[in-house]
file model-v7.cif (mmCIF, C-alpha atoms and all ligand atoms)
data_input
#
loop_
_atom_site.label_atom_id
_atom_site.label_comp_id
_atom_site.auth_asym_id
_atom_site.auth_seq_id
_atom_site.Cartn_x
_atom_site.Cartn_y
_atom_site.Cartn_z
CA MET A 1 -231.18 85.26 -93.11
CA GLY A 2 -231.84 87.97 -90.36
CA GLY A 3 -232.54 87.43 -86.70
CA LYS A 4 -231.69 84.36 -84.74
CA ILE A 5 -230.17 81.45 -86.67
CA THR A 6 -232.27 78.34 -86.34
CA LEU A 7 -231.75 74.68 -87.02
CA ARG A 8 -233.53 75.11 -90.33
CA ASP A 9 -231.02 77.80 -91.33
CA LEU A 10 -228.10 75.49 -90.49
CA GLN A 11 -229.76 72.72 -92.50
CA ARG A 12 -230.21 75.07 -95.47
CA MET A 13 -226.54 76.04 -95.30
CA LYS A 14 -225.39 72.44 -95.82
CA GLY A 15 -223.74 72.28 -99.22
CA ASN A 16 -224.41 75.99 -99.91
CA GLU A 17 -222.53 78.03 -97.33
CA LYS A 18 -219.94 76.99 -94.75
CA ILE A 19 -221.13 77.04 -91.15
CA VAL A 20 -218.82 78.97 -88.80
CA VAL A 21 -218.75 77.80 -85.19
CA ILE A 22 -216.61 78.97 -82.26
CA THR A 23 -216.65 78.05 -78.59
CA ALA A 24 -217.50 80.61 -75.89
CA TYR A 25 -217.86 80.27 -72.15
CA ASP A 26 -219.11 83.66 -70.99
CA ALA A 27 -221.18 86.70 -71.90
CA LEU A 28 -218.18 88.95 -72.57
CA PHE A 29 -216.88 86.77 -75.39
CA SER A 30 -220.23 85.55 -76.73
CA ALA A 31 -221.13 89.23 -77.25
CA LEU A 32 -217.90 89.73 -79.20
CA PHE A 33 -218.35 86.60 -81.33
CA ASP A 34 -222.10 86.67 -81.93
CA ALA A 35 -222.26 88.80 -85.07
CA GLN A 36 -219.29 87.06 -86.71
CA VAL A 37 -220.31 83.40 -86.48
CA ASP A 38 -223.29 81.16 -87.17
CA ALA A 39 -223.14 79.07 -84.02
CA ILE A 40 -221.51 79.09 -80.59
CA LEU A 41 -220.60 75.87 -78.83
CA VAL A 42 -220.37 76.06 -75.06
CA GLY A 43 -217.92 73.18 -75.04
CA ASP A 44 -216.80 71.22 -72.01
CA SER A 45 -213.33 72.26 -73.22
CA LEU A 46 -213.99 75.09 -70.77
CA ASN A 47 -212.85 72.65 -68.09
CA MET A 48 -209.36 72.85 -69.61
CA SER A 49 -209.05 76.36 -71.00
CA PHE A 50 -211.17 78.14 -68.40
CA LEU A 51 -210.67 76.00 -65.27
CA GLY A 52 -207.15 74.76 -65.96
CA ARG A 53 -207.94 71.03 -65.63
CA SER A 54 -205.97 68.48 -67.64
CA ASP A 55 -209.03 67.04 -69.42
CA THR A 56 -212.79 67.60 -69.75
CA LEU A 57 -213.98 64.76 -67.54
CA SER A 58 -214.65 66.67 -64.34
CA ALA A 59 -216.98 69.19 -65.97
CA ASN A 60 -220.50 68.81 -64.60
CA MET A 61 -224.05 69.94 -65.39
CA ASP A 62 -224.04 72.85 -62.93
CA GLN A 63 -220.88 74.25 -64.49
CA MET A 64 -222.12 73.82 -68.06
CA ILE A 65 -225.43 75.46 -67.19
CA TYR A 66 -223.69 78.39 -65.47
CA HIS A 67 -221.49 79.05 -68.51
CA THR A 68 -224.19 78.44 -71.14
CA ALA A 69 -226.63 80.78 -69.41
CA ALA A 70 -223.89 83.43 -69.39
CA VAL A 71 -223.19 82.89 -73.11
CA CYS A 72 -226.89 83.02 -74.00
CA ALA A 73 -227.36 86.26 -72.06
CA LYS A 74 -225.50 88.16 -74.79
CA VAL A 75 -226.30 86.14 -77.92
CA GLN A 76 -228.80 87.63 -80.31
CA LYS A 77 -228.01 85.84 -83.55
CA SER A 78 -225.96 82.69 -83.16
CA PHE A 79 -227.31 79.19 -82.70
CA VAL A 80 -226.10 77.99 -79.26
CA ILE A 81 -225.08 74.39 -78.57
CA PHE A 82 -224.83 73.05 -75.00
CA ASP A 83 -222.15 70.38 -74.53
CA MET A 84 -223.43 67.54 -72.32
CA PRO A 85 -220.64 66.84 -69.82
CA PHE A 86 -219.12 63.42 -69.09
CA GLY A 87 -221.52 61.22 -67.10
CA SER A 88 -224.62 63.29 -67.85
CA TYR A 89 -226.05 61.03 -70.59
CA GLY A 90 -225.19 57.47 -69.54
CA ASP A 91 -228.80 56.29 -69.92
CA LYS A 92 -231.95 57.58 -71.61
CA LYS A 93 -233.71 58.87 -68.51
CA SER A 94 -230.78 60.80 -67.05
CA ALA A 95 -229.86 62.11 -70.50
CA LEU A 96 -233.38 63.50 -70.94
CA ALA A 97 -233.52 64.96 -67.42
CA ASN A 98 -230.18 66.71 -68.00
CA ALA A 99 -231.05 67.90 -71.51
CA VAL A 100 -234.35 69.32 -70.22
CA ARG A 101 -232.38 71.15 -67.51
CA ALA A 102 -230.07 72.52 -70.18
CA TYR A 103 -233.05 73.80 -72.18
CA GLN A 104 -234.92 75.21 -69.18
CA GLU A 105 -232.00 76.85 -67.38
CA THR A 106 -230.12 78.29 -70.39
CA GLY A 107 -231.22 79.60 -73.77
CA ALA A 108 -229.41 76.81 -75.67
CA ASP A 109 -230.86 75.72 -79.01
CA ALA A 110 -229.40 72.20 -79.01
CA VAL A 111 -227.29 69.82 -76.98
CA LYS A 112 -224.24 67.84 -78.09
CA LEU A 113 -223.07 64.47 -76.86
CA GLU A 114 -220.08 62.30 -77.69
CA GLY A 115 -220.49 58.82 -79.13
CA GLY A 116 -221.68 56.81 -82.10
CA LEU A 117 -223.73 53.62 -82.36
CA GLU A 118 -223.69 53.08 -78.59
CA LYS A 119 -225.40 56.44 -78.10
CA ALA A 120 -227.94 56.13 -80.93
CA GLU A 121 -230.78 55.01 -78.65
CA ILE A 122 -230.16 57.94 -76.33
CA VAL A 123 -230.12 60.36 -79.28
CA ARG A 124 -233.41 58.82 -80.50
CA TYR A 125 -235.00 59.22 -77.07
CA LEU A 126 -233.93 62.84 -76.74
CA SER A 127 -235.12 63.63 -80.29
CA GLN A 128 -238.50 62.02 -79.57
CA ASN A 129 -238.74 64.35 -76.60
CA ALA A 130 -238.17 67.57 -78.58
CA ILE A 131 -234.46 67.95 -77.86
CA ALA A 132 -232.23 68.88 -80.83
CA VAL A 133 -229.08 66.75 -80.56
CA PHE A 134 -225.67 67.08 -82.22
CA GLY A 135 -223.56 63.92 -82.24
CA HIS A 136 -219.77 64.07 -81.79
CA ILE A 137 -217.73 61.36 -83.48
CA GLY A 138 -214.09 60.61 -84.28
CA LEU A 139 -211.75 61.80 -81.54
CA LYS A 140 -213.93 62.01 -78.43
CA PRO A 141 -212.20 64.03 -75.69
CA GLN A 142 -214.40 62.45 -73.00
CA SER A 143 -212.86 59.05 -73.91
CA VAL A 144 -209.29 60.24 -73.30
CA ARG A 145 -208.83 58.06 -70.21
CA SER A 146 -210.59 54.96 -71.55
CA GLU A 147 -208.72 55.14 -74.87
CA GLY A 148 -205.39 56.14 -73.32
CA GLY A 149 -204.98 59.42 -75.22
CA TYR A 150 -206.45 61.72 -77.85
CA LEU A 151 -206.55 59.37 -80.80
CA ILE A 152 -206.96 60.48 -84.43
CA LYS A 153 -209.55 58.25 -86.13
CA GLY A 154 -210.17 56.96 -89.64
CA LYS A 155 -206.60 55.80 -90.21
CA ASN A 156 -207.54 52.40 -91.63
CA GLU A 157 -210.45 50.83 -93.52
CA ALA A 158 -212.07 49.36 -90.40
CA GLN A 159 -212.04 52.70 -88.57
CA LYS A 160 -213.28 54.49 -91.67
CA ARG A 161 -216.24 52.08 -91.98
CA GLU A 162 -216.95 52.46 -88.26
CA ILE A 163 -217.07 56.25 -88.42
CA ILE A 164 -219.39 56.21 -91.43
CA GLU A 165 -221.66 53.68 -89.68
CA GLN A 166 -221.70 55.83 -86.55
CA ALA A 167 -222.64 58.93 -88.53
CA LEU A 168 -225.45 57.11 -90.35
CA ALA A 169 -226.76 55.58 -87.10
CA LEU A 170 -226.82 58.98 -85.38
CA GLU A 171 -228.61 60.57 -88.33
CA ALA A 172 -231.16 57.74 -88.38
CA ALA A 173 -231.68 58.24 -84.64
CA GLY A 174 -232.62 61.87 -85.22
CA ALA A 175 -229.36 63.79 -84.69
CA VAL A 176 -229.64 67.25 -86.23
CA GLY A 177 -225.91 67.65 -86.90
CA LEU A 178 -222.53 66.08 -86.29
CA ILE A 179 -219.26 67.34 -84.87
CA ILE A 180 -216.44 65.38 -86.52
CA GLU A 181 -213.20 65.72 -84.57
CA GLY A 182 -209.69 64.41 -85.26
CA VAL A 183 -210.55 62.39 -88.35
CA LEU A 184 -208.67 62.04 -91.63
CA PRO A 185 -210.06 64.50 -94.20
CA ASP A 186 -211.23 61.92 -96.74
CA VAL A 187 -213.29 60.14 -94.08
CA ALA A 188 -214.88 63.38 -92.85
CA MET A 189 -215.67 64.31 -96.44
CA GLU A 190 -217.28 60.93 -97.12
CA VAL A 191 -219.41 61.25 -93.98
CA THR A 192 -220.44 64.74 -95.08
CA GLN A 193 -221.51 63.43 -98.46
CA LYS A 194 -223.39 60.47 -97.02
CA VAL A 195 -225.47 62.26 -94.37
CA SER A 196 -228.10 64.91 -95.01
CA ILE A 197 -227.46 66.75 -91.72
CA PRO A 198 -224.71 69.40 -91.35
CA THR A 199 -221.24 68.22 -90.33
CA ILE A 200 -218.93 70.53 -88.38
CA GLY A 201 -215.26 69.60 -88.42
CA ILE A 202 -212.39 70.20 -86.04
CA GLY A 203 -209.13 68.62 -87.12
CA ALA A 204 -211.10 66.92 -89.90
CA GLY A 205 -210.02 68.84 -93.02
CA GLY A 206 -211.93 71.20 -95.24
CA GLY A 207 -214.58 68.82 -96.53
CA CYS A 208 -217.12 69.28 -93.72
CA ASP A 209 -220.13 71.59 -93.92
CA GLY A 210 -218.61 73.82 -91.27
CA GLN A 211 -215.72 74.35 -88.87
CA VAL A 212 -215.43 74.79 -85.11
CA LEU A 213 -212.42 76.01 -83.14
CA VAL A 214 -211.88 76.57 -79.43
CA TRP A 215 -211.67 80.34 -79.03
CA SER A 216 -208.63 80.38 -76.75
CA ASP A 217 -206.72 78.24 -79.28
CA MET A 218 -207.55 80.36 -82.32
CA LEU A 219 -206.92 83.66 -80.56
CA GLY A 220 -203.55 82.57 -79.18
CA PHE A 221 -204.40 82.53 -75.49
CA PHE A 222 -203.55 78.87 -74.97
CA ASP A 223 -200.05 78.44 -76.29
CA THR A 224 -198.56 75.63 -74.18
CA PHE A 225 -199.61 73.27 -76.97
CA VAL A 226 -200.97 74.34 -80.34
CA PRO A 227 -202.64 71.42 -82.14
CA LYS A 228 -201.83 71.03 -85.85
CA PHE A 229 -205.43 71.79 -86.88
CA VAL A 230 -205.48 75.19 -85.15
CA LYS A 231 -204.93 78.40 -87.08
CA GLN A 232 -204.10 81.28 -84.74
CA TYR A 233 -205.74 84.56 -85.76
CA LEU A 234 -204.36 86.62 -82.88
CA ASP A 235 -201.33 86.54 -80.61
CA GLY A 236 -203.74 87.09 -77.72
CA GLY A 237 -201.59 85.71 -74.91
CA ASN A 238 -198.63 87.95 -75.73
CA LEU A 239 -200.82 91.00 -76.35
CA VAL A 240 -202.42 90.58 -72.94
CA LYS A 241 -199.08 89.99 -71.19
CA GLU A 242 -197.63 93.10 -72.82
CA ALA A 243 -200.65 95.24 -71.87
CA VAL A 244 -200.60 94.06 -68.24
CA LYS A 245 -196.83 94.63 -68.10
CA ASN A 246 -197.37 98.22 -69.28
CA TYR A 247 -200.11 98.69 -66.66
CA ALA A 248 -197.85 97.33 -63.91
CA GLN A 249 -194.98 99.62 -65.00
CA ASP A 250 -197.33 102.63 -65.02
CA VAL A 251 -198.60 101.88 -61.51
CA LYS A 252 -195.11 101.19 -60.10
CA SER A 253 -193.70 104.36 -61.63
CA GLY A 254 -196.66 106.55 -60.64
CA ARG A 255 -197.52 107.33 -64.28
CA PHE A 256 -201.01 105.92 -63.68
CA PRO A 257 -203.39 107.14 -62.41
CA ASP A 258 -202.67 110.68 -63.48
CA ALA A 259 -204.82 113.83 -63.44
CA SER A 260 -206.78 112.74 -66.52
CA HIS A 261 -208.14 109.72 -64.61
CA GLU A 262 -209.14 111.63 -61.48
CA TYR A 263 -212.64 112.84 -60.55
O1 LIG B 301 -215.68 70.97 -75.85
C1 LIG B 301 -215.44 71.47 -76.96
O2 LIG B 301 -215.02 72.62 -77.11
C2 LIG B 301 -215.69 70.62 -78.12
C3 LIG B 301 -215.05 71.03 -79.40
C4 LIG B 301 -213.61 70.66 -79.35
C5 LIG B 301 -215.74 70.43 -80.57
O3 LIG B 301 -216.33 69.62 -78.01
#
call {"tool": "encode", "arguments": {"input": "model-v7.cif", "output": "C-alpha cells"}}
result
Amino acid sequence: MGGKITLRDLQRMKGNEKIVVITAYDALFSALFDAQVDAILVGDSLNMSFLGRSDTLSANMDQMIYHTAAVCAKVQKSFVIFDMPFGSYGDKKSALANAVRAYQETGADAVKLEGGLEKAEIVRYLSQNAIAVFGHIGLKPQSVRSEGGYLIKGKNEAQKREIIEQALALEAAGAVGLIIEGVLPDVAMEVTQKVSIPTIGIGAGGGCDGQVLVWSDMLGFFDTFVPKFVKQYLDGGNLVKEAVKNYAQDVKSGRFPDASHEY
C-alpha cells in the first residue's frame, strides 16, 4: 500500500487485514500517530477529553474544523474522518452545507455521523453529492441526554434486529463504513458479516473489520473513568505528572536551568 490510504484501501482491507483507527485532535499527536495507524478520527470526543465538558453535545462545526485542519496539517498517510457535531446534520441541506465546509476547510477524507434508519436519507443525499460518509450505530454518544445515559445496545433480539437493519439501511444509502460502538460482540460480528463495507468497533468485541480507541483513554491520560473496552498502552497521566513534578523541583531548587542550558 504506500502513500496516502484511501477509501479503496480500507475497502480492500475488509476481511483481509484489521483496520487500526485512533482519535487525534491536533497536529502534534496526529504526527505521532500517522505512521502507526490506518485512519485517524477527529472525534467530537474532543469536547470531553480536550475541552473538559461532560458530554459531546456542545461541540460545534467551528471547533471540529479547527481541530481537523490541525490534524490534517501533519498527516501524510492516514485516512482522516471528520466527526459531524451534534446539530450539524439535522436535515439534508444543512448536513450537506456542513459536510462541504468540512471538506473545503480541512483535509478530511470522510465525515461521520451518528444514527441509523432515521439518518439514511441524509447519508444518501451526502453520498450523491460526493461526500464519503461513515455511519455510527449502537451506543451513540450524541444521544446521551435523549436516552438518559450511555446505553449498550444489542442486548435482546429486538435491539439486535434493529442494529442489523440500521447497518443495512446505511449501507444501502451509500455509507462507506460503519462505526459500531457499545454493542454486544455477536451483534457487531453479524453486522460485519452482513455488510460489504468496513466496520470499525469500539466496545463491540473483536469481530469487526477494525478498531478505534480514543487516544487519551488508550494512553492513560484520562483515568477518572476507564471504560471496560479500553486497553491502556501507556500510563501517560502518571508519566506526565512525574515529569512535571521533577521539572518543578528542579526550578524550585535552582538545579534548572544550569550552565548547560545557557547561551
Ligand atoms: O468522538 C469520538 O471519538 C467517537 C469515537 C468514540 C468512535 O465517535
call {"tool": "closest_residue", "arguments": {"input": "model-v7.cif", "among": "A:Leu51, A:Ile202, A:Ala102, A:Ala243", "to": "ligand LIG 301 (chain B)", "atoms": "all atoms listed in the file"}}
result
A:Ile202
call {"tool": "residues_around", "arguments": {"input": "model-v7.cif", "residues": "A:Ala99", "least_positions_apart": "5", "cutoff": "10 Å", "atoms": "only C-alpha atoms", "output": "ChimeraX atom specification"}}
result
/A:61,82-84,88-89,93-94,104-105,108,110-112,126,129,131-133
call {"tool": "closest_atom_pairs", "arguments": {"input": "model-v7.cif", "of": "chain A", "to": "ligand LIG 301 (chain B)", "cutoff": "6 Å", "atoms": "all atoms listed in the file", "output": "tab-separated table"}}
result
residue	atom	partner	partner_atom	distance
A:Thr23	CA	B:LIG301	O2	5.9
A:Gly43	CA	B:LIG301	O1	3.2
A:Asp44	CA	B:LIG301	O1	4.0
A:Ser45	CA	B:LIG301	O1	3.8
A:Val214	CA	B:LIG301	O2	5.6
call {"tool": "residues_around", "arguments": {"input": "model-v7.cif", "residues": "A:Gln159", "least_positions_apart": "5", "cutoff": "12 Å", "atoms": "all atoms listed in the file", "output": "JSON, numbers by chain"}}
result
{"A": [137, 138, 139, 151, 152, 153, 154, 164, 165, 166, 183, 184, 187, 188]}
call {"tool": "atom_distance", "arguments": {"input": "model-v7.cif", "atom1": "atom CA of A:Ile65", "atom2": "atom CA of A:Asp26"}}
result
11.0 Å
call {"tool": "residues_around", "arguments": {"input": "model-v7.cif", "residues": "A:Ala69", "least_positions_apart": "3", "cutoff": "12 Å", "atoms": "all atoms listed in the file", "output": "VMD selection string"}}
result
chain A and resid 24 to 27 30 42 61 to 66 72 to 75 80 to 82 101 to 109
call {"tool": "residues_around", "arguments": {"input": "model-v7.cif", "residues": "A:Met189", "least_positions_apart": "4", "cutoff": "9 Å", "atoms": "all atoms listed in the file", "output": "number ranges by chain"}}
result
A: 184-185, 193-194, 204-209
call {"tool": "atom_distance", "arguments": {"input": "model-v7.cif", "atom1": "atom CA of A:Pro85", "atom2": "atom CA of A:Leu57"}}
result
7.3 Å
call {"tool": "closest_residue", "arguments": {"input": "model-v7.cif", "among": "A:Ala259, A:Ala130, A:Ile200, A:Ile180", "to": "A:Val20", "atoms": "only C-alpha atoms"}}
result
A:Ile200
call {"tool": "closest_residue", "arguments": {"input": "model-v7.cif", "among": "A:Ser146, A:Thr199, A:Ser54, A:Thr6", "to": "A:Lys18", "atoms": "only C-alpha atoms"}}
result
A:Thr199
call {"tool": "atom_distance", "arguments": {"input": "model-v7.cif", "atom1": "atom CA of A:Phe222", "atom2": "atom CA of A:Arg53"}}
result
13.0 Å
call {"tool": "decode", "arguments": {"input": "model-v7.cif", "residues": "stretch 136-149 of chain A", "atoms": "N, CA, C and O atoms", "output": "compact mmCIF listing (two decimals), in the first residue's frame"}}
result
# COMPACT_ATOMS: atom_id res chain seq x y z
N HIS A 136 -22.58 5.73 12.30
CA HIS A 136 -22.16 5.40 13.68
C HIS A 136 -23.40 4.87 14.38
O HIS A 136 -24.35 5.62 14.62
N ILE A 137 -23.39 3.57 14.67
CA ILE A 137 -24.57 2.93 15.25
C ILE A 137 -24.23 2.25 16.58
O ILE A 137 -23.07 2.12 16.94
N GLY A 138 -25.29 1.81 17.27
CA GLY A 138 -25.11 1.21 18.60
C GLY A 138 -25.23 2.31 19.64
O GLY A 138 -26.19 3.09 19.63
N LEU A 139 -24.25 2.37 20.54
CA LEU A 139 -24.22 3.46 21.52
C LEU A 139 -23.84 4.74 20.78
O LEU A 139 -22.79 4.79 20.14
N LYS A 140 -24.73 5.73 20.85
CA LYS A 140 -24.48 6.99 20.14
C LYS A 140 -24.29 8.09 21.18
O LYS A 140 -25.26 8.54 21.79
N PRO A 141 -23.05 8.53 21.40
CA PRO A 141 -22.79 9.49 22.47
C PRO A 141 -23.62 10.77 22.35
O PRO A 141 -23.97 11.38 23.35
N GLN A 142 -23.98 11.16 21.11
CA GLN A 142 -24.77 12.39 20.96
C GLN A 142 -26.22 12.20 21.44
O GLN A 142 -26.97 13.17 21.56
N SER A 143 -26.61 10.95 21.72
CA SER A 143 -27.98 10.69 22.23
C SER A 143 -27.99 10.52 23.75
O SER A 143 -28.98 10.07 24.31
N VAL A 144 -26.88 10.87 24.41
CA VAL A 144 -26.78 10.60 25.85
C VAL A 144 -27.90 11.28 26.65
O VAL A 144 -28.44 10.71 27.59
N ARG A 145 -28.29 12.49 26.24
CA ARG A 145 -29.34 13.18 27.02
C ARG A 145 -30.71 12.64 26.66
O ARG A 145 -31.55 12.43 27.53
N SER A 146 -30.94 12.37 25.37
CA SER A 146 -32.28 11.89 24.97
C SER A 146 -32.52 10.46 25.43
O SER A 146 -33.65 10.05 25.66
N GLU A 147 -31.44 9.68 25.57
CA GLU A 147 -31.62 8.28 26.01
C GLU A 147 -31.38 8.12 27.52
O GLU A 147 -31.56 7.05 28.07
N GLY A 148 -30.92 9.18 28.17
CA GLY A 148 -30.73 9.13 29.62
C GLY A 148 -29.49 8.36 30.05
O GLY A 148 -29.43 7.82 31.16
N GLY A 149 -28.47 8.31 29.20
CA GLY A 149 -27.22 7.64 29.58
C GLY A 149 -26.54 7.03 28.36
O GLY A 149 -27.05 7.12 27.24
